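Text of the file entry_34.txt, holding compact mmCIF, C-alpha atoms:
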```txt
# COMPACT_ATOMS: atom_id res chain seq x y z
CA ALA A 101 83.99 96.37 123.33
CA GLN A 102 84.25 93.86 120.56
CA THR A 103 84.03 90.13 121.25
CA VAL A 104 84.96 87.16 119.09
CA THR A 105 83.44 83.71 119.56
CA GLN A 106 84.67 80.40 118.24
CA SER A 107 82.10 77.84 119.29
CA GLN A 108 83.98 74.74 118.13
CA PRO A 109 86.85 73.93 120.52
CA GLU A 110 87.84 70.93 118.39
CA MET A 111 87.24 69.76 114.85
CA SER A 112 88.53 66.86 112.80
CA VAL A 113 88.56 66.13 109.10
CA GLN A 114 89.75 63.36 106.82
CA GLU A 115 92.79 64.15 104.74
CA ALA A 116 91.82 65.61 101.32
CA GLU A 117 88.34 66.57 102.57
CA THR A 118 86.94 70.04 103.24
CA VAL A 119 86.31 71.52 106.67
CA THR A 120 84.75 74.77 107.84
CA LEU A 121 85.67 76.53 111.08
CA SER A 122 83.15 78.96 112.54
CA CYS A 123 83.68 82.42 113.97
CA THR A 124 81.18 85.05 115.04
CA TYR A 125 81.88 88.50 116.41
CA ASP A 126 80.07 91.36 118.00
CA THR A 127 80.75 94.97 117.10
CA SER A 128 78.95 98.27 116.63
CA GLU A 129 81.48 99.45 114.05
CA SER A 130 80.67 99.39 110.36
CA ASP A 131 84.24 99.10 109.14
CA TYR A 132 86.78 96.67 110.53
CA TYR A 133 89.17 93.86 109.65
CA LEU A 134 88.99 90.14 110.32
CA PHE A 135 91.80 87.60 110.37
CA TRP A 136 92.43 83.91 110.72
CA TYR A 137 95.69 82.81 112.29
CA LYS A 138 97.09 79.29 112.44
CA GLN A 139 99.20 78.03 115.34
CA PRO A 140 100.88 74.68 114.67
CA PRO A 141 102.65 72.68 117.40
CA SER A 142 105.71 74.88 116.86
CA ARG A 143 103.67 77.61 118.59
CA GLN A 144 104.37 80.18 115.86
CA MET A 145 101.35 82.35 115.00
CA ILE A 146 100.94 82.34 111.23
CA LEU A 147 98.56 84.58 109.31
CA VAL A 148 96.25 82.53 107.12
CA ILE A 149 93.88 85.04 105.61
CA ARG A 150 92.47 88.54 106.12
CA GLN A 151 89.21 90.23 105.17
CA GLU A 152 88.28 93.91 105.04
CA ALA A 153 84.67 94.45 106.07
CA TYR A 154 84.06 97.00 103.30
CA LYS A 155 84.88 94.39 100.66
CA GLN A 156 81.93 92.24 99.65
CA GLN A 157 84.11 89.68 97.96
CA ASN A 158 85.24 86.83 100.16
CA ALA A 159 89.00 86.53 100.58
CA THR A 160 90.80 83.49 99.18
CA GLU A 161 94.36 82.23 99.67
CA ASN A 162 95.02 79.01 97.80
CA ARG A 163 93.14 76.25 99.67
CA PHE A 164 91.85 78.67 102.30
CA SER A 165 88.77 80.81 101.80
CA VAL A 166 86.34 82.66 104.01
CA ASN A 167 82.59 83.05 104.08
CA PHE A 168 82.07 86.59 105.34
CA GLN A 169 78.48 87.40 106.28
CA LYS A 170 78.55 90.99 107.53
CA ALA A 171 74.90 91.22 108.53
CA ALA A 172 75.14 88.01 110.51
CA LYS A 173 78.57 88.99 111.89
CA SER A 174 79.97 85.67 110.82
CA PHE A 175 83.43 84.91 109.44
CA SER A 176 84.02 81.21 108.78
CA LEU A 177 87.17 79.64 107.37
CA LYS A 178 86.97 76.89 104.78
CA ILE A 179 89.97 74.64 104.21
CA SER A 180 89.78 72.60 101.02
CA ASP A 181 91.79 69.46 100.26
CA SER A 182 92.93 69.22 103.89
CA GLN A 183 96.54 68.22 104.41
CA LEU A 184 98.39 66.81 107.39
CA GLY A 185 100.23 70.11 107.72
CA ASP A 186 96.94 71.90 108.33
CA ALA A 187 96.71 70.35 111.79
CA ALA A 188 96.88 73.26 114.22
CA MET A 189 94.97 75.65 116.45
CA TYR A 190 93.10 78.23 114.42
CA PHE A 191 92.27 81.64 115.86
CA CYS A 192 89.82 84.17 114.53
CA ALA A 193 90.65 87.82 115.27
CA TYR A 194 89.00 91.22 114.92
CA ARG A 195 90.63 94.59 114.44
CA SER A 196 89.02 98.01 114.58
CA PRO A 197 90.13 100.54 111.95
CA PHE A 198 90.66 103.11 114.69
CA GLY A 199 93.12 103.60 117.50
CA ASN A 200 95.86 101.19 118.41
CA GLU A 201 95.18 98.45 115.85
CA LYS A 202 95.07 95.81 118.55
CA LEU A 203 93.56 92.42 117.84
CA THR A 204 90.73 90.76 119.75
CA PHE A 205 90.99 86.99 119.51
CA GLY A 206 88.59 84.12 119.81
CA THR A 207 89.47 81.15 122.00
CA GLY A 208 90.56 78.98 119.11
CA THR A 209 89.60 75.74 117.35
CA ARG A 210 91.93 72.76 117.39
CA LEU A 211 91.88 71.06 113.98
CA THR A 212 92.95 67.43 113.66
CA ILE A 213 93.62 65.86 110.26
CA ILE A 214 92.82 62.16 110.02
CA PRO A 215 95.07 60.31 107.56
CA ASP B 148 109.32 87.48 107.46
CA ALA B 149 108.68 90.40 109.80
CA GLY B 150 112.04 90.04 111.55
CA ILE B 151 110.78 89.63 115.12
CA THR B 152 112.76 87.85 117.80
CA GLN B 153 111.97 87.21 121.44
CA SER B 154 114.28 86.39 124.29
CA PRO B 155 114.43 84.25 126.24
CA ARG B 156 112.39 81.56 124.52
CA HIS B 157 111.89 79.64 127.75
CA LYS B 158 112.20 80.71 131.34
CA VAL B 159 111.47 79.15 134.71
CA THR B 160 111.44 81.45 137.71
CA GLU B 161 110.20 81.59 141.25
CA THR B 162 107.33 83.55 142.71
CA GLY B 163 108.33 87.05 143.72
CA THR B 164 111.28 87.43 141.37
CA PRO B 165 111.42 90.10 138.67
CA VAL B 166 111.37 88.95 135.05
CA THR B 167 112.00 90.87 131.83
CA LEU B 168 111.11 89.59 128.39
CA ARG B 169 112.56 91.23 125.32
CA CYS B 170 111.08 91.72 121.88
CA HIS B 171 113.32 92.89 119.06
CA GLN B 172 112.35 93.91 115.55
CA THR B 173 114.57 94.85 112.64
CA GLU B 174 112.23 96.92 110.44
CA ASN B 175 111.40 100.06 112.47
CA HIS B 176 107.70 99.33 112.73
CA ARG B 177 105.83 101.84 114.83
CA TYR B 178 103.36 99.60 116.65
CA MET B 179 104.47 96.77 118.94
CA TYR B 180 102.35 94.58 121.21
CA TRP B 181 102.62 92.08 124.03
CA TYR B 182 100.01 89.33 124.32
CA ARG B 183 99.67 86.37 126.62
CA GLN B 184 98.17 83.06 125.57
CA ASP B 185 96.35 80.82 128.02
CA PRO B 186 94.15 77.77 127.41
CA GLY B 187 90.52 78.76 126.95
CA HIS B 188 91.36 82.45 126.46
CA GLY B 189 93.10 82.75 123.14
CA LEU B 190 95.52 85.67 123.06
CA ARG B 191 94.92 88.70 125.23
CA LEU B 192 96.61 92.07 124.96
CA ILE B 193 98.82 93.11 127.88
CA HIS B 194 100.39 96.37 126.68
CA TYR B 195 101.20 98.01 123.40
CA SER B 196 103.43 100.77 122.09
CA TYR B 197 102.85 103.28 119.31
CA GLY B 198 106.33 104.79 119.37
CA VAL B 199 109.44 105.34 121.45
CA LYS B 200 108.37 106.00 125.05
CA ASP B 201 104.70 105.84 124.00
CA THR B 202 102.90 102.93 125.58
CA ASP B 203 99.42 102.07 126.79
CA LYS B 204 97.59 99.33 128.66
CA GLY B 205 95.70 96.43 127.21
CA GLU B 206 92.98 94.32 128.79
CA VAL B 207 95.21 92.29 131.15
CA SER B 208 97.88 94.79 132.19
CA ASP B 209 97.82 94.31 135.99
CA GLY B 210 101.20 93.09 137.25
CA TYR B 211 103.03 94.05 134.06
CA SER B 212 104.98 97.07 132.92
CA VAL B 213 106.63 97.87 129.58
CA SER B 214 109.29 100.12 128.19
CA ARG B 215 110.36 101.18 124.74
CA SER B 216 113.50 103.29 124.70
CA LYS B 217 114.39 102.36 121.11
CA THR B 218 112.17 101.69 118.13
CA GLU B 219 113.47 98.16 117.76
CA ASP B 220 113.06 96.96 121.36
CA PHE B 221 109.94 96.50 123.46
CA LEU B 222 110.45 95.11 126.96
CA LEU B 223 107.84 93.45 129.15
CA THR B 224 108.57 93.33 132.88
CA LEU B 225 106.93 91.34 135.62
CA GLU B 226 107.98 93.25 138.71
CA SER B 227 107.18 90.37 141.07
CA ALA B 228 106.19 87.23 139.23
CA THR B 229 103.19 85.21 140.39
CA SER B 230 102.02 81.73 139.42
CA SER B 231 99.05 83.27 137.57
CA GLN B 232 101.55 84.81 135.16
CA THR B 233 102.67 81.39 133.95
CA SER B 234 101.83 81.64 130.28
CA VAL B 235 103.15 81.89 126.76
CA TYR B 236 103.98 85.46 125.83
CA PHE B 237 103.90 86.74 122.27
CA CYS B 238 105.27 89.93 120.87
CA ALA B 239 103.77 91.33 117.67
CA ILE B 240 104.30 94.20 115.29
CA SER B 241 101.82 95.86 112.96
CA ALA B 242 103.04 96.16 109.43
CA ARG B 243 101.98 96.40 105.84
CA LEU B 244 104.16 93.89 104.02
CA ALA B 245 104.53 93.17 100.33
CA ALA B 246 101.44 94.05 98.28
CA VAL B 247 99.00 93.83 101.17
CA SER B 248 96.69 96.81 101.56
CA THR B 249 95.91 96.28 105.24
CA ASP B 250 98.08 96.69 108.30
CA THR B 251 98.43 93.24 109.76
CA GLN B 252 99.98 91.92 112.94
CA TYR B 253 102.91 89.56 112.70
CA PHE B 254 104.08 87.61 115.69
CA GLY B 255 107.34 86.60 117.25
CA PRO B 256 108.05 82.97 118.17
CA GLY B 257 106.78 83.31 121.75
CA THR B 258 108.30 82.90 125.22
CA ARG B 259 107.12 80.18 127.56
CA LEU B 260 107.31 81.46 131.13
CA THR B 261 106.78 79.21 134.14
CA VAL B 262 106.49 80.75 137.59
CA LEU B 263 106.91 78.21 140.38
```

Since I need it in another form, could you write the structure as C-alpha cells?
Amino acid sequence: AQTVTQSQPEMSVQEAETVTLSCTYDTSESDYYLFWYKQPPSRQMILVIRQEAYKQQNATENRFSVNFQKAAKSFSLKISDSQLGDAAMYFCAYRSPFGNEKLTFGTGTRLTIIP
Amino acid sequence: DAGITQSPRHKVTETGTPVTLRCHQTENHRYMYWYRQDPGHGLRLIHYSYGVKDTDKGEVSDGYSVSRSKTEDFLLTLESATSSQTSVYFCAISARLAAVSTDTQYFGPGTRLTVL
C-alpha cells in the first residue's frame, strides 16, 4: 500500500516571502499522480496543483510550483510571494493510475502567514 | 465548480442512534467517495462508488455502510453512531474538468458530525 508523509506539522512564513512544504511518499508503482490540496478555515478542500509522474517537468500554477523528485519519491510545494490568504492546512495526496482512483493523503501541514 | 453538496452540514447526535449523510452531485460523475478527516490522520477513505449500486470499502469502513441508488446521490450511514465516529466527513467526485488531462477529485463542503 502507498503511504504519504508530511513531516512538518506546522510552518510559518513572512508575507511576500517564499516557503516550501515537504512531502514524501512510498510506492512500488512507476506511474501515478500527486496532488496538493489547500484547506482554509472554511474547511473546503481546494485543489492547488497536480503532477503526473510520467512528466519530468514540474507543475506550476501561478505562485505555486512543485519540486518533483521521482527517484527520491519527493513532492514539495513552493509558494512564492506568500499572501495572507495562503494561510491554511496543506495536504499532499497520491493516486494510483489503476483501480478506484482513490486518494491517499498525508497528515497535513498548517501554514501560518506572518504579516 | 464540481457541483457537490452535502447535507446536513452540521449534526449532533447521541451514541447508538442511526445517522445518514447525503452527498449530491449535479454532473453525473461515475466515481464518488466518502472520506473522514481527523486531527493527525489527514483524510481517510471510508467507502467509494464506481456506479449505481456499485460500491466498495475503503481503509476505515467498519461501522459505516453506503448506498447509491441514483447516479447523483451517495449516502453514508452510521447504523449505530459511536463517539469514535465524531469527525468531519467529506464527499468527493472524480472528474476531468476544463482542459485538465488528469482525473482529479473535487470535494464537497464537508459535514461536521458530533456523537455525544

**Asked** So which one's closest to Phe191 of chain A, A:Thr120, A:Ser107, A:Ser112, A:Thr207? Using all atoms listed in the file, please.
**Response**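 Using all atoms listed in the file, the shortest distance to Phe191 of chain A belongs to A:Thr207.
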
**Asked** Using only C-alpha atoms, which of the listed residues (A:Thr160, A:Thr118, A:Phe135, A:Gly185) sits closest to Thr204 of chain A?
**Response**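 Under the stated criterion, the closest residue is A:Phe135.
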
**Asked** Which chain B residues are at most 12 Å from chain A (counting only C-alpha atoms), as number ranges by chain?
**Response** B: 148-149, 151-153, 156, 177-198, 201-206, 235-242, 247-259

Write out as a compact mmCIF listing (two decimals) with C-alpha atoms, keeping the file's coordinate frame the residues lying within 9 Å of segment 219-227 of chain B, counting all atoms listed in the file and excluding same-chain residues fewer than 4 positions away.
```txt
# COMPACT_ATOMS: atom_id res chain seq x y z
CA THR B 162 107.33 83.55 142.71
CA GLY B 163 108.33 87.05 143.72
CA THR B 164 111.28 87.43 141.37
CA PRO B 165 111.42 90.10 138.67
CA VAL B 166 111.37 88.95 135.05
CA THR B 167 112.00 90.87 131.83
CA LEU B 168 111.11 89.59 128.39
CA ARG B 169 112.56 91.23 125.32
CA CYS B 170 111.08 91.72 121.88
CA HIS B 171 113.32 92.89 119.06
CA GLN B 172 112.35 93.91 115.55
CA THR B 173 114.57 94.85 112.64
CA GLU B 174 112.23 96.92 110.44
CA ASN B 175 111.40 100.06 112.47
CA HIS B 176 107.70 99.33 112.73
CA ARG B 177 105.83 101.84 114.83
CA MET B 179 104.47 96.77 118.94
CA TYR B 180 102.35 94.58 121.21
CA TRP B 181 102.62 92.08 124.03
CA HIS B 194 100.39 96.37 126.68
CA TYR B 195 101.20 98.01 123.40
CA SER B 196 103.43 100.77 122.09
CA GLY B 210 101.20 93.09 137.25
CA TYR B 211 103.03 94.05 134.06
CA SER B 212 104.98 97.07 132.92
CA VAL B 213 106.63 97.87 129.58
CA SER B 214 109.29 100.12 128.19
CA ARG B 215 110.36 101.18 124.74
CA GLN B 232 101.55 84.81 135.16
CA CYS B 238 105.27 89.93 120.87
```

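Separating atom CA of Thr261 of chain B from atom CA of Leu211 of chain A is a distance of 26.4 Å.
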
**Asked** Closest to Gln102 of chain A among A:Ser128, A:Gln114, A:Gln156, A:Ser176, using all atoms listed in the file?
**Response**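 Using all atoms listed in the file, the shortest distance to Gln102 of chain A belongs to A:Ser128.
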
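In this model, the gap between atom CA of Phe164 of chain A and atom CA of Ala101 of chain A comes to 28.6 Å.
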
**Prompt:** What separation in Å, quoted to one decimal, exists between atom CA of Lys138 of chain A and atom CA of Arg210 of chain A?
**Reply:**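 That distance, rounded to one decimal, is 9.7 Å.
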
**Prompt:** What's the 7 Å shell around Asn158 of chain A, counting all atoms listed in the file, without same-chain residues fewer than 6 positions away, as a list in words?
**Reply:** Val166, Asn167 and Phe168 of chain A

**Request:** Write out as a PyMOL selection string each polymer residue whose atoms come within 8 Å of Glu161 of chain B, counting all atoms listed in the file; drop sequence neighbours fewer than 2 positions from it.
**Result:** chain B and resi 159+163-164+228-229+262-263
